[in-house]
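To start, the structure itself, in structure tokens.
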Amino acid sequence: MSAARFYLTTPIYYASGEPHLGHAYATLLTDTIARYHRQAGEEVLFLTGTDEHGQKIQEEADQRGMEPQALCDEMAARFASAWSELGISHDRFIRTTEAEHVAVVTAVLQRLWDAGQIYEGEYAGWYSVTQERYFTEKEVGPDRVDPIAGKPVVRIEETNYFFRMSEYQDRLVRHIEENPDWIVPESRRNEILGFLRKPLEDLSISRPKSRLRWGITLPFDPDHVTYVWVDALLNYVTASGAIRPGADSGNRGFEDTSGSWWPADLHVLGKDIVTTHAVYWPTILMACGLPLPKQILAHGWWVVEDRKMSKSLGNVVDPLALRAEFGTDAVRWYLMREMPTGGDASYTPERFLARYDELANVLGNLASRVTSMVARYRDGVVPNARGEGLSAQIAETLVTFRAAMDSLRVHEALGAAMELARTANGYVEESEPWALHKDPERADDLDEALASMVRVLVVLSALLVTVMPDKMSDLAGRVGFDAAPQLDEAAAVEVAGRAVRKGAPLFPRIESSQAAGEGDSE
Ligand code: MSP
């Protein structure tokens, strides 16, 4: 039987600015979920990339006195290198200026045009360059600002092509109602259902070249380029390999996506772009005859003093600078553990340090105590004992962890793992290996306690390797494993006889945490 497959995506980031903590969060969240599926033995396609067309990019390039393509080349490289520094395990980095993508967008538009799904009309309305979207009179209000970033909108009146989005309203509502988990969390689903209570308008899908030259030319009118969101959303299909214009299969992909990765299992994105993903995107897919993605996860924003962290607000935190000070895995841990998936979280240095202390004082401390006791009391070899002192807690944690990950509550899954480490520290206190060691009659009890502690470290490495791949591989290595085991094997692995080494602290204490006087050591 072939392995189960899982295809998941991040949004593609505008190539108009540098990656910041908000982008890093979205990508890390997807990475953590991707690693979780790989660790369960599934075959995974994890896609990320850059969104390179549209007015925003053109304006930024003009401002810098650069060609848009040169700006995109530079920014795509920045994103790719940031992701490599953050240990992101994507399988494909797509750029919307790639020939393959341009061909897919062209094929899709031609198909929609041939099917009578696109018509020419007049557009008059308010456009936000920051969001690359039109907003209604009501949405922009008397101040004429976009309702998401609060930036000024511009009035546009022009001839555009429109996609008959309104025809799909009923089908979309039915889909959302019949699939309660299609958009999570529920608050976002309700928001979209609320939006869909009003009549859905048709979608303007083109821009005249007289105003915007940087985009994919419409196959049926050389004077227009494709609206950047239509172009961008299609990246998910391009990378899936469902449609290969010009290949032997022709456009077979529209009728039959088998053999490709389409439909995606999960789109991860921020709450500011739910409408585009949960309304524009599924209706375009319906019109093309393509299946819908199976799930959309909308996460919240990282805010700084209640304002969204964004380049246009000038309040961004650079994830790479934090990484230089605390290490990649500490940044990953903070971002994944601190933000309740779906809610907002506020970035503060204090919270960062508090989460780091958890790593140093709970997990790091446990690892250091256990490895040094095995070294000291049993010459660095795990004794031959069953090691079942914490079996019930391990079993319970695995159930909670899996349930939380499967329902995309990553912060909860990580919280459960950290709780197990806390429990294990309590077990160390209660079993008092230092006292057992002094009593030759209790050698078996000491063996059992030490083996139980090592087992818990192995399980912790398996639980947390998705979020801290380097540190947890290191931890698994310290207790005699080549790599953190797969989740379903972790509780039952043989620990007896493994060679243990202590090594330097996994998460070195930093001055502020010492000053705070928290934690204890062995
Ligand atoms: N290019 C579009 C997405 C197209 S997907 C087919 C776009 N790009 S973006 O660079 O502006 O934002 C990409 C993602 O980063 C969005 O999901 C957005 O929510 C996320 N974030 C940007 N700032 C953020 C925070 N401050 N906090 C959390 N995520 C935020 O939109």
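Identifiers in this document derive from the order of the structure tokens: chains are assigned A, B, ..., residues are numbered from 1 separately in each chain, and ligands are numbered from 1 in order of occurrence.
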Near range 432-443 of chain A, within 10 Å and counting only C-alpha atoms, which residues show up once chain neighbours fewer than 3 positions away are dropped, as a ChimeraX atom specification? /A:370,373-374,376-378,426-429,446-450
Could you list the protein, DNA and RNA residues that have any atom within 7 Å of ligand 1, counting only C-alpha atoms and all ligand atoms, and write them as number ranges by chain? A: 11-14, 21-23, 25-26, 51, 229, 232-233, 235, 269-273, 300-303, 308-310
If you run DSSP over the backbone, which residues in range 58-256 of chain A end up strand (DSSP E)? Put them as a PyMOL selection string. chain A and resi 92-95+118-128+133-135+154-163+183-184+203-204+206-208+217-218+221-226
Mind the document's chain letters and residue numbers, and return as a PyMOL selection string the residues of range 304-477 of chain A that DSSP labels helix (DSSP H, G or I). chain A and resi 311-313+319-326+328-338+349-378+391-406+410-431+433-438+440-464+469-477
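Here the question is which of A:Tyr7, A:Pro219, A:Ile148, A:Ser260 gets nearest to Arg307 in chain A using only C-alpha atoms, and that residue is A:Ile148.
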Which residues are near range 281-298 of chain A? Cut-off 7 Å, only C-alpha atoms, ignore same chain within fewer than 4 positions. Put them as a list in words. Leu112, Met165, Tyr168, Asp181, Trp182, Ile183, Val184, Pro185, Leu233, Phe254, Glu255, Pro263, Ala264, Asp265, Leu266, His267, Val268, Leu269, Gly270, Lys271, Val274, Thr276, His277 and Gly342 of chain A
Selected residues written out with N, CA and C atoms, as a PDB file, in the first residue's frame:
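And here is the file that came out, out.pdb:
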```pdb
ATOM      1  N   LEU A 112     -11.631  29.541 -18.638  1.00  0.00           N
ATOM      2  CA  LEU A 112     -12.777  30.282 -18.097  1.00  0.00           C
ATOM      3  C   LEU A 112     -13.415  31.150 -19.179  1.00  0.00           C
ATOM      4  N   MET A 165     -18.339  35.322 -10.501  1.00  0.00           N
ATOM      5  CA  MET A 165     -18.245  34.741  -9.155  1.00  0.00           C
ATOM      6  C   MET A 165     -19.629  34.588  -8.522  1.00  0.00           C
ATOM      7  N   TYR A 168     -21.683  31.383  -8.177  1.00  0.00           N
ATOM      8  CA  TYR A 168     -21.260  30.263  -7.329  1.00  0.00           C
ATOM      9  C   TYR A 168     -21.606  30.447  -5.857  1.00  0.00           C
ATOM     10  N   ASP A 181     -15.590  21.892   9.155  1.00  0.00           N
ATOM     11  CA  ASP A 181     -14.162  22.103   9.413  1.00  0.00           C
ATOM     12  C   ASP A 181     -13.421  22.628   8.198  1.00  0.00           C
ATOM     13  N   TRP A 182     -14.156  23.040   7.200  1.00  0.00           N
ATOM     14  CA  TRP A 182     -13.454  23.493   5.986  1.00  0.00           C
ATOM     15  C   TRP A 182     -12.647  24.756   6.265  1.00  0.00           C
ATOM     16  N   ILE A 183     -13.227  25.662   7.031  1.00  0.00           N
ATOM     17  CA  ILE A 183     -12.470  26.840   7.484  1.00  0.00           C
ATOM     18  C   ILE A 183     -12.353  26.743   8.999  1.00  0.00           C
ATOM     19  N   VAL A 184     -11.149  26.709   9.512  1.00  0.00           N
ATOM     20  CA  VAL A 184     -10.961  26.774  10.966  1.00  0.00           C
ATOM     21  C   VAL A 184     -10.067  27.970  11.280  1.00  0.00           C
ATOM     22  N   PRO A 185     -10.209  28.589  12.468  1.00  0.00           N
ATOM     23  CA  PRO A 185     -11.201  28.301  13.499  1.00  0.00           C
ATOM     24  C   PRO A 185     -12.603  28.790  13.108  1.00  0.00           C
ATOM     25  N   LEU A 233      -3.314  32.962  -6.301  1.00  0.00           N
ATOM     26  CA  LEU A 233      -3.996  31.778  -5.762  1.00  0.00           C
ATOM     27  C   LEU A 233      -3.687  30.537  -6.593  1.00  0.00           C
ATOM     28  N   PHE A 254      -7.714  19.414 -15.796  1.00  0.00           N
ATOM     29  CA  PHE A 254      -8.972  20.021 -15.385  1.00  0.00           C
ATOM     30  C   PHE A 254     -10.030  18.963 -15.084  1.00  0.00           C
ATOM     31  N   GLU A 255     -10.003  17.898 -15.868  1.00  0.00           N
ATOM     32  CA  GLU A 255     -11.027  16.870 -15.642  1.00  0.00           C
ATOM     33  C   GLU A 255     -10.557  15.813 -14.659  1.00  0.00           C
ATOM     34  N   PRO A 263      -6.340  17.798  -4.928  1.00  0.00           N
ATOM     35  CA  PRO A 263      -6.463  19.048  -4.182  1.00  0.00           C
ATOM     36  C   PRO A 263      -5.532  19.111  -2.969  1.00  0.00           C
ATOM     37  N   ALA A 264      -5.207  20.327  -2.582  1.00  0.00           N
ATOM     38  CA  ALA A 264      -4.392  20.524  -1.388  1.00  0.00           C
ATOM     39  C   ALA A 264      -5.159  20.030  -0.161  1.00  0.00           C
ATOM     40  N   ASP A 265      -4.428  19.480   0.797  1.00  0.00           N
ATOM     41  CA  ASP A 265      -5.064  19.071   2.054  1.00  0.00           C
ATOM     42  C   ASP A 265      -5.255  20.263   2.981  1.00  0.00           C
ATOM     43  N   LEU A 266      -4.329  21.217   2.918  1.00  0.00           N
ATOM     44  CA  LEU A 266      -4.426  22.327   3.869  1.00  0.00           C
ATOM     45  C   LEU A 266      -3.758  23.582   3.316  1.00  0.00           C
ATOM     46  N   HIS A 267      -4.521  24.688   3.337  1.00  0.00           N
ATOM     47  CA  HIS A 267      -3.927  25.999   3.082  1.00  0.00           C
ATOM     48  C   HIS A 267      -3.809  26.706   4.434  1.00  0.00           C
ATOM     49  N   VAL A 268      -2.607  27.122   4.780  1.00  0.00           N
ATOM     50  CA  VAL A 268      -2.410  27.911   6.001  1.00  0.00           C
ATOM     51  C   VAL A 268      -2.283  29.371   5.584  1.00  0.00           C
ATOM     52  N   LEU A 269      -2.983  30.258   6.272  1.00  0.00           N
ATOM     53  CA  LEU A 269      -2.935  31.686   5.910  1.00  0.00           C
ATOM     54  C   LEU A 269      -3.408  32.543   7.065  1.00  0.00           C
ATOM     55  N   GLY A 270      -3.154  33.842   6.949  1.00  0.00           N
ATOM     56  CA  GLY A 270      -3.535  34.759   8.018  1.00  0.00           C
ATOM     57  C   GLY A 270      -4.966  35.244   7.868  1.00  0.00           C
ATOM     58  N   LYS A 271      -5.501  35.755   8.955  1.00  0.00           N
ATOM     59  CA  LYS A 271      -6.922  36.129   8.957  1.00  0.00           C
ATOM     60  C   LYS A 271      -7.239  37.280   8.003  1.00  0.00           C
ATOM     61  N   VAL A 274      -8.506  35.682   4.389  1.00  0.00           N
ATOM     62  CA  VAL A 274      -9.469  34.573   4.373  1.00  0.00           C
ATOM     63  C   VAL A 274     -10.459  34.733   3.221  1.00  0.00           C
ATOM     64  N   THR A 276     -10.126  36.066   0.287  1.00  0.00           N
ATOM     65  CA  THR A 276      -9.559  35.664  -1.002  1.00  0.00           C
ATOM     66  C   THR A 276      -9.452  34.130  -1.094  1.00  0.00           C
ATOM     67  N   HIS A 277      -9.097  33.499   0.034  1.00  0.00           N
ATOM     68  CA  HIS A 277      -8.920  32.044   0.002  1.00  0.00           C
ATOM     69  C   HIS A 277     -10.223  31.264   0.138  1.00  0.00           C
ATOM     70  N   GLY A 342      -4.962  30.532  15.566  1.00  0.00           N
ATOM     71  CA  GLY A 342      -6.248  31.169  15.266  1.00  0.00           C
ATOM     72  C   GLY A 342      -6.429  32.490  15.985  1.00  0.00           C
TER      73      GLY A 342
END
```
Excluding range 499-509 of chain A and any residue of its chain fewer than 6 positions from it, enumerate the residues within 8 Å of it, using only C-alpha atoms, and give them as a PyMOL selection string. chain A and resi 357+359-360+364+367-368+371-372+374-375+380-382+471+475+478-480
Write the residues you've just listed into a file as a PDB file, in the first residue's frame, and include N, CA, C and O atoms for each of them.
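What ended up in out14.pdb:
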```pdb
ATOM      1  N   ASP A 357      12.743  30.497  29.030  1.00  0.00           N
ATOM      2  CA  ASP A 357      12.991  29.923  30.353  1.00  0.00           C
ATOM      3  C   ASP A 357      12.376  28.539  30.491  1.00  0.00           C
ATOM      4  O   ASP A 357      12.933  27.654  31.125  1.00  0.00           O
ATOM      5  N   LEU A 359      12.046  26.406  28.143  1.00  0.00           N
ATOM      6  CA  LEU A 359      12.952  25.466  27.488  1.00  0.00           C
ATOM      7  C   LEU A 359      14.160  25.162  28.365  1.00  0.00           C
ATOM      8  O   LEU A 359      14.560  24.019  28.544  1.00  0.00           O
ATOM      9  N   ALA A 360      14.736  26.218  28.913  1.00  0.00           N
ATOM     10  CA  ALA A 360      15.969  26.032  29.690  1.00  0.00           C
ATOM     11  C   ALA A 360      15.674  25.319  31.006  1.00  0.00           C
ATOM     12  O   ALA A 360      16.353  24.354  31.368  1.00  0.00           O
ATOM     13  N   GLY A 364      15.318  21.575  29.200  1.00  0.00           N
ATOM     14  CA  GLY A 364      16.782  21.488  29.238  1.00  0.00           C
ATOM     15  C   GLY A 364      17.253  20.937  30.578  1.00  0.00           C
ATOM     16  O   GLY A 364      18.169  20.098  30.640  1.00  0.00           O
ATOM     17  N   ALA A 367      16.685  17.171  30.738  1.00  0.00           N
ATOM     18  CA  ALA A 367      17.665  16.446  29.923  1.00  0.00           C
ATOM     19  C   ALA A 367      19.007  16.389  30.648  1.00  0.00           C
ATOM     20  O   ALA A 367      19.671  15.349  30.707  1.00  0.00           O
ATOM     21  N   SER A 368      19.382  17.518  31.239  1.00  0.00           N
ATOM     22  CA  SER A 368      20.692  17.545  31.863  1.00  0.00           C
ATOM     23  C   SER A 368      20.725  16.684  33.132  1.00  0.00           C
ATOM     24  O   SER A 368      21.688  15.953  33.380  1.00  0.00           O
ATOM     25  N   THR A 371      20.581  12.798  31.956  1.00  0.00           N
ATOM     26  CA  THR A 371      21.807  12.296  31.320  1.00  0.00           C
ATOM     27  C   THR A 371      22.960  12.274  32.328  1.00  0.00           C
ATOM     28  O   THR A 371      23.758  11.343  32.337  1.00  0.00           O
ATOM     29  N   SER A 372      23.017  13.257  33.210  1.00  0.00           N
ATOM     30  CA  SER A 372      24.157  13.218  34.135  1.00  0.00           C
ATOM     31  C   SER A 372      23.980  12.132  35.193  1.00  0.00           C
ATOM     32  O   SER A 372      24.961  11.533  35.623  1.00  0.00           O
ATOM     33  N   VAL A 374      22.509   9.170  34.653  1.00  0.00           N
ATOM     34  CA  VAL A 374      22.861   7.893  34.008  1.00  0.00           C
ATOM     35  C   VAL A 374      24.389   7.796  33.897  1.00  0.00           C
ATOM     36  O   VAL A 374      24.980   6.740  34.128  1.00  0.00           O
ATOM     37  N   ALA A 375      25.010   8.936  33.586  1.00  0.00           N
ATOM     38  CA  ALA A 375      26.474   8.930  33.493  1.00  0.00           C
ATOM     39  C   ALA A 375      27.088   8.598  34.862  1.00  0.00           C
ATOM     40  O   ALA A 375      27.959   7.729  34.973  1.00  0.00           O
ATOM     41  N   GLY A 380      27.021   5.766  32.177  1.00  0.00           N
ATOM     42  CA  GLY A 380      26.583   6.242  30.863  1.00  0.00           C
ATOM     43  C   GLY A 380      25.859   5.209  30.015  1.00  0.00           C
ATOM     44  O   GLY A 380      25.729   5.392  28.804  1.00  0.00           O
ATOM     45  N   VAL A 381      25.376   4.138  30.635  1.00  0.00           N
ATOM     46  CA  VAL A 381      24.606   3.150  29.862  1.00  0.00           C
ATOM     47  C   VAL A 381      23.237   2.986  30.522  1.00  0.00           C
ATOM     48  O   VAL A 381      23.152   2.801  31.747  1.00  0.00           O
ATOM     49  N   VAL A 382      22.193   3.038  29.713  1.00  0.00           N
ATOM     50  CA  VAL A 382      20.847   2.907  30.290  1.00  0.00           C
ATOM     51  C   VAL A 382      20.695   1.491  30.853  1.00  0.00           C
ATOM     52  O   VAL A 382      20.941   0.517  30.144  1.00  0.00           O
ATOM     53  N   LYS A 471      17.436  20.720  17.983  1.00  0.00           N
ATOM     54  CA  LYS A 471      17.636  20.419  19.411  1.00  0.00           C
ATOM     55  C   LYS A 471      17.109  19.033  19.764  1.00  0.00           C
ATOM     56  O   LYS A 471      17.683  18.333  20.604  1.00  0.00           O
ATOM     57  N   LEU A 475      18.948  15.892  21.270  1.00  0.00           N
ATOM     58  CA  LEU A 475      18.520  15.197  22.489  1.00  0.00           C
ATOM     59  C   LEU A 475      18.427  13.685  22.256  1.00  0.00           C
ATOM     60  O   LEU A 475      18.910  12.887  23.075  1.00  0.00           O
ATOM     61  N   ARG A 478      21.746  12.197  22.363  1.00  0.00           N
ATOM     62  CA  ARG A 478      22.346  12.102  23.704  1.00  0.00           C
ATOM     63  C   ARG A 478      21.879  10.868  24.470  1.00  0.00           C
ATOM     64  O   ARG A 478      22.514  10.445  25.416  1.00  0.00           O
ATOM     65  N   VAL A 479      20.716  10.319  24.096  1.00  0.00           N
ATOM     66  CA  VAL A 479      20.270   9.103  24.773  1.00  0.00           C
ATOM     67  C   VAL A 479      20.373   7.882  23.857  1.00  0.00           C
ATOM     68  O   VAL A 479      19.668   6.887  24.019  1.00  0.00           O
ATOM     69  N   GLY A 480      21.278   7.993  22.881  1.00  0.00           N
ATOM     70  CA  GLY A 480      21.668   6.811  22.111  1.00  0.00           C
ATOM     71  C   GLY A 480      20.846   6.490  20.882  1.00  0.00           C
ATOM     72  O   GLY A 480      20.885   5.366  20.379  1.00  0.00           O
TER      73      GLY A 480
END
```
Would you mind listing what lies within 12 Å of Cys72 in chain A as a ChimeraX atom specification, with only C-alpha atoms counted and same-chain residues fewer than 4 positions away left out? /A:13-18,49-54,56-58,60-61,66-68,76-80,95-98,214
Take the residues from that selection and write them out as a short mmCIF file (atom, residue, chain, number, x, y, z; two decimals), in the first residue's frame, keeping N, CA, C and O atoms.
```
data_model
loop_
_atom_site.label_atom_id
_atom_site.label_comp_id
_atom_site.auth_asym_id
_atom_site.auth_seq_id
_atom_site.Cartn_x
_atom_site.Cartn_y
_atom_site.Cartn_z
N TYR A 13 4.42 35.04 -0.31
CA TYR A 13 4.66 36.37 0.28
C TYR A 13 4.96 37.39 -0.80
O TYR A 13 5.67 37.09 -1.77
N TYR A 14 4.44 38.60 -0.61
CA TYR A 14 4.71 39.65 -1.57
C TYR A 14 6.21 39.92 -1.62
O TYR A 14 6.84 40.13 -0.57
N ALA A 15 6.73 39.96 -2.82
CA ALA A 15 8.16 40.20 -2.98
C ALA A 15 8.47 41.69 -2.93
O ALA A 15 9.42 42.16 -3.55
N SER A 16 7.66 42.43 -2.17
CA SER A 16 7.92 43.87 -2.10
C SER A 16 8.66 44.25 -0.83
O SER A 16 9.10 45.38 -0.69
N GLY A 17 8.77 43.34 0.12
CA GLY A 17 9.45 43.68 1.37
C GLY A 17 10.17 42.48 1.95
O GLY A 17 10.06 41.36 1.44
N GLU A 18 10.88 42.74 3.03
CA GLU A 18 11.68 41.70 3.69
C GLU A 18 10.77 40.78 4.51
O GLU A 18 9.74 41.22 5.01
N GLY A 49 6.51 30.18 -1.21
CA GLY A 49 7.05 30.92 -2.34
C GLY A 49 6.78 32.40 -2.25
O GLY A 49 6.45 32.92 -1.18
N THR A 50 6.91 33.07 -3.39
CA THR A 50 6.72 34.53 -3.42
C THR A 50 5.71 34.93 -4.48
O THR A 50 5.62 34.34 -5.55
N ASP A 51 4.98 35.99 -4.13
CA ASP A 51 3.91 36.55 -4.95
C ASP A 51 4.53 37.77 -5.63
O ASP A 51 4.88 38.75 -4.97
N GLU A 52 4.72 37.71 -6.94
CA GLU A 52 5.64 38.65 -7.58
C GLU A 52 5.03 39.63 -8.57
O GLU A 52 5.76 40.43 -9.15
N HIS A 53 3.72 39.53 -8.80
CA HIS A 53 3.13 40.49 -9.74
C HIS A 53 2.29 41.53 -9.01
O HIS A 53 2.12 41.47 -7.81
N GLY A 54 1.76 42.48 -9.78
CA GLY A 54 0.79 43.42 -9.23
C GLY A 54 1.35 44.80 -8.94
O GLY A 54 2.56 45.07 -9.03
N LYS A 56 1.52 46.55 -6.12
CA LYS A 56 2.37 46.73 -4.96
C LYS A 56 3.84 46.53 -5.32
O LYS A 56 4.71 47.30 -4.92
N ILE A 57 4.10 45.49 -6.09
CA ILE A 57 5.49 45.19 -6.49
C ILE A 57 5.97 46.27 -7.47
O ILE A 57 7.08 46.78 -7.35
N GLN A 58 5.09 46.61 -8.42
CA GLN A 58 5.50 47.61 -9.40
C GLN A 58 5.84 48.93 -8.71
O GLN A 58 6.86 49.56 -9.01
N GLU A 60 6.78 49.46 -5.60
CA GLU A 60 8.00 49.33 -4.80
C GLU A 60 9.23 49.37 -5.71
O GLU A 60 10.23 50.04 -5.40
N ALA A 61 9.14 48.70 -6.85
CA ALA A 61 10.27 48.69 -7.79
C ALA A 61 10.50 50.10 -8.33
O ALA A 61 11.65 50.57 -8.39
N MET A 66 14.17 50.31 -9.66
CA MET A 66 14.61 48.99 -10.15
C MET A 66 13.57 48.44 -11.11
O MET A 66 12.41 48.85 -11.08
N GLU A 67 13.96 47.44 -11.88
CA GLU A 67 12.98 46.69 -12.66
C GLU A 67 12.26 45.76 -11.68
O GLU A 67 12.90 45.21 -10.77
N PRO A 68 10.95 45.57 -11.86
CA PRO A 68 10.23 44.68 -10.94
C PRO A 68 10.85 43.29 -10.86
O PRO A 68 10.95 42.71 -9.77
N ALA A 76 12.93 37.25 -3.48
CA ALA A 76 12.70 35.80 -3.42
C ALA A 76 13.92 35.15 -2.77
O ALA A 76 13.77 34.24 -1.94
N ALA A 77 15.10 35.66 -3.09
CA ALA A 77 16.31 35.09 -2.49
C ALA A 77 16.34 35.37 -0.99
O ALA A 77 16.75 34.52 -0.19
N ARG A 78 15.87 36.56 -0.59
CA ARG A 78 15.80 36.89 0.85
C ARG A 78 14.89 35.92 1.60
O ARG A 78 15.21 35.45 2.68
N PHE A 79 13.70 35.70 1.02
CA PHE A 79 12.75 34.79 1.67
C PHE A 79 13.35 33.39 1.74
O PHE A 79 13.33 32.75 2.79
N ALA A 80 13.90 32.93 0.63
CA ALA A 80 14.45 31.57 0.61
C ALA A 80 15.55 31.44 1.66
O ALA A 80 15.62 30.43 2.38
N ARG A 95 7.70 30.70 -7.50
CA ARG A 95 7.69 32.14 -7.77
C ARG A 95 6.69 32.37 -8.89
O ARG A 95 6.72 31.65 -9.89
N THR A 96 5.82 33.36 -8.72
CA THR A 96 4.75 33.50 -9.71
C THR A 96 5.25 34.05 -11.06
O THR A 96 4.48 34.11 -12.00
N THR A 97 6.52 34.44 -11.12
CA THR A 97 7.06 34.85 -12.42
C THR A 97 7.67 33.66 -13.18
O THR A 97 8.15 33.82 -14.30
N GLU A 98 7.62 32.46 -12.59
CA GLU A 98 8.13 31.27 -13.29
C GLU A 98 7.30 30.96 -14.53
O GLU A 98 6.07 31.06 -14.48
N TRP A 214 2.86 45.29 -14.83
CA TRP A 214 3.56 44.14 -14.24
C TRP A 214 2.58 43.03 -13.85
O TRP A 214 2.02 43.02 -12.75
#
```
